[in-house]
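In what follows, a structure is listed as structure tokens, so that the remarks can point back to it.
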Amino acid sequence: MISVAEALARVLALGAPLAPEEIDLDQGLGRVLAAPAVAQLDQPPFDTSSMDGYAVGAAATGDSLQVIGESAAGARFSGVLSAGEAVRIFTGAPLPAGALRVVPQEDVLRDGDHIAITEDQSSLFVRTAGDDFRAGDTHFPRRPLRPADLGLLAAMNVPRLSVHRRARVAIIPGGDELVPPGGRPGPDQIIASGDLAIAAMVERAGAIALRQPIVPDHVDAIRAAFTAAADADVVVTIGGASVGDHDLIAPTARAMGAVIDFHRIALQPGKPLMAGTLGHQVFIGLPGNPVSAQICTLLFILPLLDVLRGLPGAAPKTARVRLAADLPANGKRQHYMRATLTDEGALPVRSQESNLQSLMALADGVIIRPIGAGPAKCGEMVDYIAF
Ligand SMILES: Nc1nc2c(c(=O)[nH]1)N[C@H]1C(S)=C(S)[C@@H](COP(=O)(O)OP(=O)(O)OC[C@H]3O[C@@H](n4cnc5c(N)ncnc54)[C@H](O)[C@@H]3O)O[C@H]1N2
Ligand code: MOO
């Protein structure tokens with residue numbers, strides 16, 4: 001059994017960034033730029049007022065000034081301000097030539113076309129041209145684009161983006177016992193559910209989940225499913241990964257030319273995870289237990305999808321949190337214990353069995369227990385991954 005860290009390194013080595021494509025800016029949320037975006041102009045493009053008030057030159061409190069015109073957002077005052085003069089100005093309007101600052105209207109007394117400055121504040125209330133960014137400045141965040149990025153790119157006048165193509169991830173649930181949600185399970189059957197959760201995790205990571213029909217435990221059916229998924233970038237099977245007589249994924253994948261890099265890791269839950277390549281595709285065989293499949297997706301598939309969208313692949317971010325219960329010593333597999341986050345800290349859910357989806361849905365994250373860790377006391381700090 002290889003370690004979780006080694007398995008992650010090997011999975012990441014199977015992937016490479018997908019080719020860039022061009023999209024409209026309004027489709028950019030969650031996508032990853034493939035090249036730096038370049039600002040087409042200065043922002044602000046000119047000095048502007050940050051207040052409704054009066055643009056003035058070298059005037060001081062008590063001065064009386066003549067109002068000679070108006071500068072509004074979108075319609076500037078075209079003249080030049082001289083000593084003893086002021087220009088009525090509004091927020092976002094260009095500062096007139098000759099003006100040094102803006103006096104907010106609350107700080108003047110107006111009488112006809114004259115104002116008297118009643119108070120002087122330290123701020124100039126002027127937003128300098130290019131203070132936000134300048135033409136030629138670049139924006140290239142190494143993470144999925146957020147709403148703030150889209151706002152910035154719009155302000156930079158970048159209407160089209162070069163982003164990495166979204167990965168296509170085929171998800172193949174397998175097992176004679178499975179019936180799709182809404183179906184009628186026979187006497188020995190259950191509802192297929194794990195695959196739905198994996199598809200949702202993949203979609204949330206910005207990839208396209210291609211959900212495939214349930215595949216019976218027969219070599220020919222599994223072959224047909226792999227063939228149907230041939231245009232995906234990543235093929236993920238669920239179930240049939242272990243050592244039972246009906247666990248046919250590994251032998252069938254191998255017979256079709258798959259090169260399996262590893263099959264079994266020191267991870268709980270998720271020991272029978274396998275990873276490799278099938279032609280140009282990355283192949284990941286997830287264990288059937290739904291919690292195991294989700295933990296493996298969190299630890300390996302999501303980082304792999306980052307590599308495919310041009311980001312550095314890395315283990316999920318951990319935080320240090322307080323333990324809210326005593327824990328026994330850990331065994332020979334790194335344990336990812338489902339836990340809720342309470343005021344007292346991370347509290348493991350009542351059972352860590354890998355079939356219990358009610359507890360997976362209850363959990364806020366997982367506590368990481370390293371191989372061979374001794375008993376841990378309530379109040380100790382532990383590593384934790386939030387879902
Ligand atoms: N002798 C051994 N037996 C097992 C070992 C082992 O090392 N030696 N490993 C155990 C571990 S750990 C796991 S995890 C499971 C993984 O088994 P498989 O990947 O072969 O998965 P299946 O047997 O097909 O299914 C396991 C379990 O999950 C249910 N399942 C499968 N797919 C779905 C789905 N899409 N939605 C909901 N539930 C699903 C399936 O019905 C089984 O109950 O092996 C242990 N055994
Ligand atoms: O590793 Mo299995 O995933 O314990 O249930």
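Each chain of the structure tokens is named A, B, ... in the order shown, its residues numbered from 1; ligands are numbered from 1 in display order.
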Can I get the residues of stretch 291-382 of chain A within 9 Å of stretch 203-225 of chain A, each with the closest pair of atoms and their distance in Å to one decimal, using only C-alpha atoms, sorted chain first then ascending number, as a tab-separated table?
```
residue	atom	partner	partner_atom	distance
A:Leu302	CA	A:Ala205	CA	6.6
A:Leu305	CA	A:Ala205	CA	7.2
A:Asp306	CA	A:Ala205	CA	7.9
A:Arg309	CA	A:Gly206	CA	8.6
```
Q) If you run DSSP on the backbone, which residues of stretch 130-241 of chain A are strand (DSSP E or B), as JSON, numbers by chain? A) {"A": [133, 138, 139, 160, 161, 162, 163, 164, 168, 169, 170, 171, 172, 173, 174, 178, 179, 190, 191, 208, 209, 210, 211, 215, 234, 235, 236, 237, 238]}
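For the choices A:Ile385, A:Val321, A:Ile295, A:Ala97, the atom-to-atom distance to ligand 2 is smallest for A:Ile295 when using only C-alpha atoms and all ligand atoms.
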Q: Could I get the residue neighbourhood of ligand 2 at 7 Å, counting only C-alpha atoms and all ligand atoms, as a VMD selection string?
A: chain A and resid 267 to 272 287 289 292 353 to 354
Could you write those residues out with N, CA, C and O atoms, as a PDB file, in the first residue's frame?
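And here is the file that came out, out_26.pdb:
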```
ATOM      1  N   LEU A 267      -5.195   4.350   3.067  1.00  0.00           N
ATOM      2  CA  LEU A 267      -6.207   5.384   3.283  1.00  0.00           C
ATOM      3  C   LEU A 267      -7.466   4.732   3.840  1.00  0.00           C
ATOM      4  O   LEU A 267      -7.897   3.680   3.363  1.00  0.00           O
ATOM      5  N   GLN A 268      -8.037   5.390   4.823  1.00  0.00           N
ATOM      6  CA  GLN A 268      -9.325   4.940   5.347  1.00  0.00           C
ATOM      7  C   GLN A 268     -10.252   6.144   5.415  1.00  0.00           C
ATOM      8  O   GLN A 268      -9.901   7.133   6.062  1.00  0.00           O
ATOM      9  N   PRO A 269     -11.379   6.125   4.722  1.00  0.00           N
ATOM     10  CA  PRO A 269     -11.847   5.072   3.844  1.00  0.00           C
ATOM     11  C   PRO A 269     -11.304   5.301   2.427  1.00  0.00           C
ATOM     12  O   PRO A 269     -11.000   6.432   2.073  1.00  0.00           O
ATOM     13  N   GLY A 270     -11.195   4.230   1.672  1.00  0.00           N
ATOM     14  CA  GLY A 270     -10.769   4.378   0.280  1.00  0.00           C
ATOM     15  C   GLY A 270      -9.585   3.517  -0.106  1.00  0.00           C
ATOM     16  O   GLY A 270      -8.954   3.762  -1.137  1.00  0.00           O
ATOM     17  N   LYS A 271      -9.313   2.475   0.654  1.00  0.00           N
ATOM     18  CA  LYS A 271      -8.131   1.631   0.402  1.00  0.00           C
ATOM     19  C   LYS A 271      -8.029   1.111  -1.031  1.00  0.00           C
ATOM     20  O   LYS A 271      -6.947   1.141  -1.627  1.00  0.00           O
ATOM     21  N   PRO A 272      -9.142   0.644  -1.656  1.00  0.00           N
ATOM     22  CA  PRO A 272      -8.947   0.010  -2.971  1.00  0.00           C
ATOM     23  C   PRO A 272      -8.895   0.979  -4.141  1.00  0.00           C
ATOM     24  O   PRO A 272      -9.105   0.584  -5.284  1.00  0.00           O
ATOM     25  N   PRO A 287     -13.554   3.192  -5.047  1.00  0.00           N
ATOM     26  CA  PRO A 287     -14.266   2.141  -4.322  1.00  0.00           C
ATOM     27  C   PRO A 287     -15.768   2.416  -4.320  1.00  0.00           C
ATOM     28  O   PRO A 287     -16.194   3.567  -4.440  1.00  0.00           O
ATOM     29  N   ASN A 289     -18.119   1.961  -1.903  1.00  0.00           N
ATOM     30  CA  ASN A 289     -18.760   2.565  -0.739  1.00  0.00           C
ATOM     31  C   ASN A 289     -18.847   4.078  -0.951  1.00  0.00           C
ATOM     32  O   ASN A 289     -17.824   4.724  -1.214  1.00  0.00           O
ATOM     33  N   SER A 292     -16.345   6.339   0.882  1.00  0.00           N
ATOM     34  CA  SER A 292     -14.982   6.127   0.381  1.00  0.00           C
ATOM     35  C   SER A 292     -14.797   6.842  -0.951  1.00  0.00           C
ATOM     36  O   SER A 292     -13.772   7.492  -1.193  1.00  0.00           O
ATOM     37  N   GLU A 353     -18.100   4.192   9.543  1.00  0.00           N
ATOM     38  CA  GLU A 353     -18.324   3.197   8.482  1.00  0.00           C
ATOM     39  C   GLU A 353     -18.503   3.901   7.141  1.00  0.00           C
ATOM     40  O   GLU A 353     -19.184   4.933   7.052  1.00  0.00           O
ATOM     41  N   SER A 354     -17.935   3.311   6.100  1.00  0.00           N
ATOM     42  CA  SER A 354     -17.856   4.036   4.831  1.00  0.00           C
ATOM     43  C   SER A 354     -19.109   3.916   3.963  1.00  0.00           C
ATOM     44  O   SER A 354     -19.133   4.387   2.840  1.00  0.00           O
TER      45      SER A 354
END
```
Q: Collect all residues with atoms no farther than 8 Å from ligand 1, counting only C-alpha atoms and all ligand atoms, and output them as a PyMOL selection string.
A: chain A and resi 173-175+177-178+189-196+214+238-244+246-247+268-273+285-290+292-293+354-355
Those selected residues, please, written with C-alpha atoms and delivered as a PDB file, in the first residue's frame.
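The new file out_9.pdb reads:
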```pdb
ATOM      1  CA  PRO A 173     -21.409   3.391 -11.679  1.00  0.00           C
ATOM      2  CA  GLY A 174     -21.103  -0.395 -11.594  1.00  0.00           C
ATOM      3  CA  GLY A 175     -22.901  -3.229  -9.863  1.00  0.00           C
ATOM      4  CA  GLU A 177     -27.333  -4.412  -7.188  1.00  0.00           C
ATOM      5  CA  LEU A 178     -27.837  -0.840  -8.415  1.00  0.00           C
ATOM      6  CA  GLN A 189     -30.953  -4.195  -4.840  1.00  0.00           C
ATOM      7  CA  ILE A 190     -30.202  -0.651  -3.642  1.00  0.00           C
ATOM      8  CA  ILE A 191     -30.411   2.798  -5.181  1.00  0.00           C
ATOM      9  CA  ALA A 192     -27.292   4.024  -6.975  1.00  0.00           C
ATOM     10  CA  SER A 193     -26.285   7.186  -5.160  1.00  0.00           C
ATOM     11  CA  GLY A 194     -22.523   7.478  -4.918  1.00  0.00           C
ATOM     12  CA  ASP A 195     -22.135   8.377  -8.580  1.00  0.00           C
ATOM     13  CA  LEU A 196     -24.498  11.340  -8.193  1.00  0.00           C
ATOM     14  CA  ILE A 214     -25.283   1.753 -14.467  1.00  0.00           C
ATOM     15  CA  ILE A 238     -17.377   3.503  -9.018  1.00  0.00           C
ATOM     16  CA  GLY A 239     -17.402   0.090  -7.374  1.00  0.00           C
ATOM     17  CA  GLY A 240     -15.869  -3.235  -8.338  1.00  0.00           C
ATOM     18  CA  ALA A 241     -12.455  -1.981  -7.219  1.00  0.00           C
ATOM     19  CA  SER A 242     -11.826  -4.512  -4.476  1.00  0.00           C
ATOM     20  CA  VAL A 243     -10.815  -8.170  -4.465  1.00  0.00           C
ATOM     21  CA  GLY A 244     -14.180  -9.964  -4.712  1.00  0.00           C
ATOM     22  CA  HIS A 246     -17.376  -9.646  -9.040  1.00  0.00           C
ATOM     23  CA  ASP A 247     -14.779  -6.870  -8.831  1.00  0.00           C
ATOM     24  CA  GLN A 268      -9.325   4.940   5.347  1.00  0.00           C
ATOM     25  CA  PRO A 269     -11.847   5.072   3.844  1.00  0.00           C
ATOM     26  CA  GLY A 270     -10.769   4.378   0.280  1.00  0.00           C
ATOM     27  CA  LYS A 271      -8.131   1.631   0.402  1.00  0.00           C
ATOM     28  CA  PRO A 272      -8.947   0.010  -2.971  1.00  0.00           C
ATOM     29  CA  LEU A 273      -8.517   3.212  -5.023  1.00  0.00           C
ATOM     30  CA  GLY A 285     -11.280   3.481 -10.160  1.00  0.00           C
ATOM     31  CA  LEU A 286     -13.147   4.561  -7.024  1.00  0.00           C
ATOM     32  CA  PRO A 287     -14.266   2.141  -4.322  1.00  0.00           C
ATOM     33  CA  GLY A 288     -18.006   1.502  -4.281  1.00  0.00           C
ATOM     34  CA  ASN A 289     -18.760   2.565  -0.739  1.00  0.00           C
ATOM     35  CA  PRO A 290     -20.213   6.054  -1.221  1.00  0.00           C
ATOM     36  CA  SER A 292     -14.982   6.127   0.381  1.00  0.00           C
ATOM     37  CA  ALA A 293     -15.712   7.328  -3.156  1.00  0.00           C
ATOM     38  CA  SER A 354     -17.856   4.036   4.831  1.00  0.00           C
ATOM     39  CA  ASN A 355     -21.419   3.210   3.764  1.00  0.00           C
TER      40      ASN A 355
END
```
Q | Polymer residues at most 10 Å from A:Gly69, only C-alpha atoms, same-chain spacing of 5 or more positions, as JSON, numbers by chain | A | {"A": [54, 76, 77, 78, 79, 81, 85, 86, 87, 88, 89, 96, 113]}
Q: Please identify all polymer residues within 12 Å of A:Phe90, counting only C-alpha atoms, omitting same-chain residues fewer than 2 positions from it, and present them as a VMD selection string.
A: chain A and resid 48 to 55 69 to 77 87 to 88 92 to 96 102 to 105 125 to 126
Can you write out the residues you just picked, keeping C-alpha atoms, as a PDB file, in the first residue's frame?
```pdb
ATOM      1  CA  THR A  48     -12.488  62.195 -10.868  1.00  0.00           C
ATOM      2  CA  SER A  49     -14.401  63.529  -7.901  1.00  0.00           C
ATOM      3  CA  SER A  50     -15.339  61.076  -5.144  1.00  0.00           C
ATOM      4  CA  MET A  51     -18.020  63.416  -3.747  1.00  0.00           C
ATOM      5  CA  ASP A  52     -20.892  65.633  -4.799  1.00  0.00           C
ATOM      6  CA  GLY A  53     -19.634  69.170  -4.126  1.00  0.00           C
ATOM      7  CA  TYR A  54     -17.425  71.852  -5.637  1.00  0.00           C
ATOM      8  CA  ALA A  55     -14.107  71.600  -7.455  1.00  0.00           C
ATOM      9  CA  GLY A  69     -20.104  75.866 -14.347  1.00  0.00           C
ATOM     10  CA  GLU A  70     -20.774  72.189 -13.752  1.00  0.00           C
ATOM     11  CA  SER A  71     -18.974  68.858 -14.268  1.00  0.00           C
ATOM     12  CA  ALA A  72     -21.173  65.766 -14.228  1.00  0.00           C
ATOM     13  CA  ALA A  73     -20.327  62.068 -14.706  1.00  0.00           C
ATOM     14  CA  GLY A  74     -20.300  61.651 -18.462  1.00  0.00           C
ATOM     15  CA  ALA A  75     -20.233  65.440 -19.216  1.00  0.00           C
ATOM     16  CA  ARG A  76     -17.142  67.320 -18.106  1.00  0.00           C
ATOM     17  CA  PHE A  77     -16.666  71.070 -17.586  1.00  0.00           C
ATOM     18  CA  VAL A  87     -17.134  74.311 -10.452  1.00  0.00           C
ATOM     19  CA  ARG A  88     -20.182  72.393  -9.274  1.00  0.00           C
ATOM     20  CA  GLY A  92     -17.516  60.247 -10.807  1.00  0.00           C
ATOM     21  CA  ALA A  93     -17.266  63.465 -12.830  1.00  0.00           C
ATOM     22  CA  PRO A  94     -13.929  64.535 -14.349  1.00  0.00           C
ATOM     23  CA  LEU A  95     -12.012  67.100 -12.287  1.00  0.00           C
ATOM     24  CA  PRO A  96     -11.814  70.371 -14.275  1.00  0.00           C
ATOM     25  CA  VAL A 102     -13.238  68.858  -4.189  1.00  0.00           C
ATOM     26  CA  VAL A 103     -15.091  70.366  -1.233  1.00  0.00           C
ATOM     27  CA  PRO A 104     -18.170  68.250  -0.360  1.00  0.00           C
ATOM     28  CA  GLN A 105     -21.384  70.254  -0.571  1.00  0.00           C
ATOM     29  CA  PHE A 125     -11.837  63.813  -2.543  1.00  0.00           C
ATOM     30  CA  VAL A 126     -10.091  63.217  -5.862  1.00  0.00           C
TER      31      VAL A 126
END
```
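Take the candidates A:Met156, A:Ala314, A:Ala361, A:Ala373 and check each one against A:Asn330 using only C-alpha atoms; the shortest distance goes to A:Ala373.
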Q | Selection near A:Thr342, 12 Å with only C-alpha atoms, sequence-local residues under 6 positions removed, as a PyMOL selection string | A | chain A and resi 321-325+348-349+363-365
Q: Fewer than 6 positions away in the same chain doesn't count, so skip those; otherwise give me all residues within 7 Å of A:Ala266, counting only C-alpha atoms, as a PyMOL selection string.
A: chain A and resi 1-4+332-334
(Q) Please list as a PyMOL selection string every residue within 12 Å of A:Gly112, counting only C-alpha atoms and excluding residues in the same chain fewer than 4 positions away. (A) chain A and resi 64-68+116
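Minimum atom-to-atom distances from A:Asp231, A:Asp261, A:Glu119, A:Asp47 to A:Leu12 were compared using only C-alpha atoms, and the lowest value belongs to A:Asp261.
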Q.
What parts of stretch 70-210 of chain A does DSSP call helix (DSSP H, G or I)? I'd like the answer as a ChimeraX atom specification.
A. /A:105-107,147-155,194-204
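For the pair atom CA of A:Glu21 and atom CA of A:Val169, the interatomic distance is 17.8 Å.
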Q: Using only C-alpha atoms, pick whichever of A:Ala129, A:Arg134, A:Ala99, A:Leu29 has the shortest atom-to-atom distance to A:Leu161.
A: A:Leu29
Q | Between atom CA of A:Thr61 and atom CA of A:Thr118 - distance in Å to one decimal | A | 5.6 Å
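Of the residues listed (A:Asp343, A:Asp131, A:Asp176, A:Asp24), A:Asp24 shows the shortest atom-to-atom separation from A:Pro159; distances use only C-alpha atoms.
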Q. Mind pulling up the distance from atom CA of A:His335 to atom CA of A:Ser358?
A. 18.9 Å
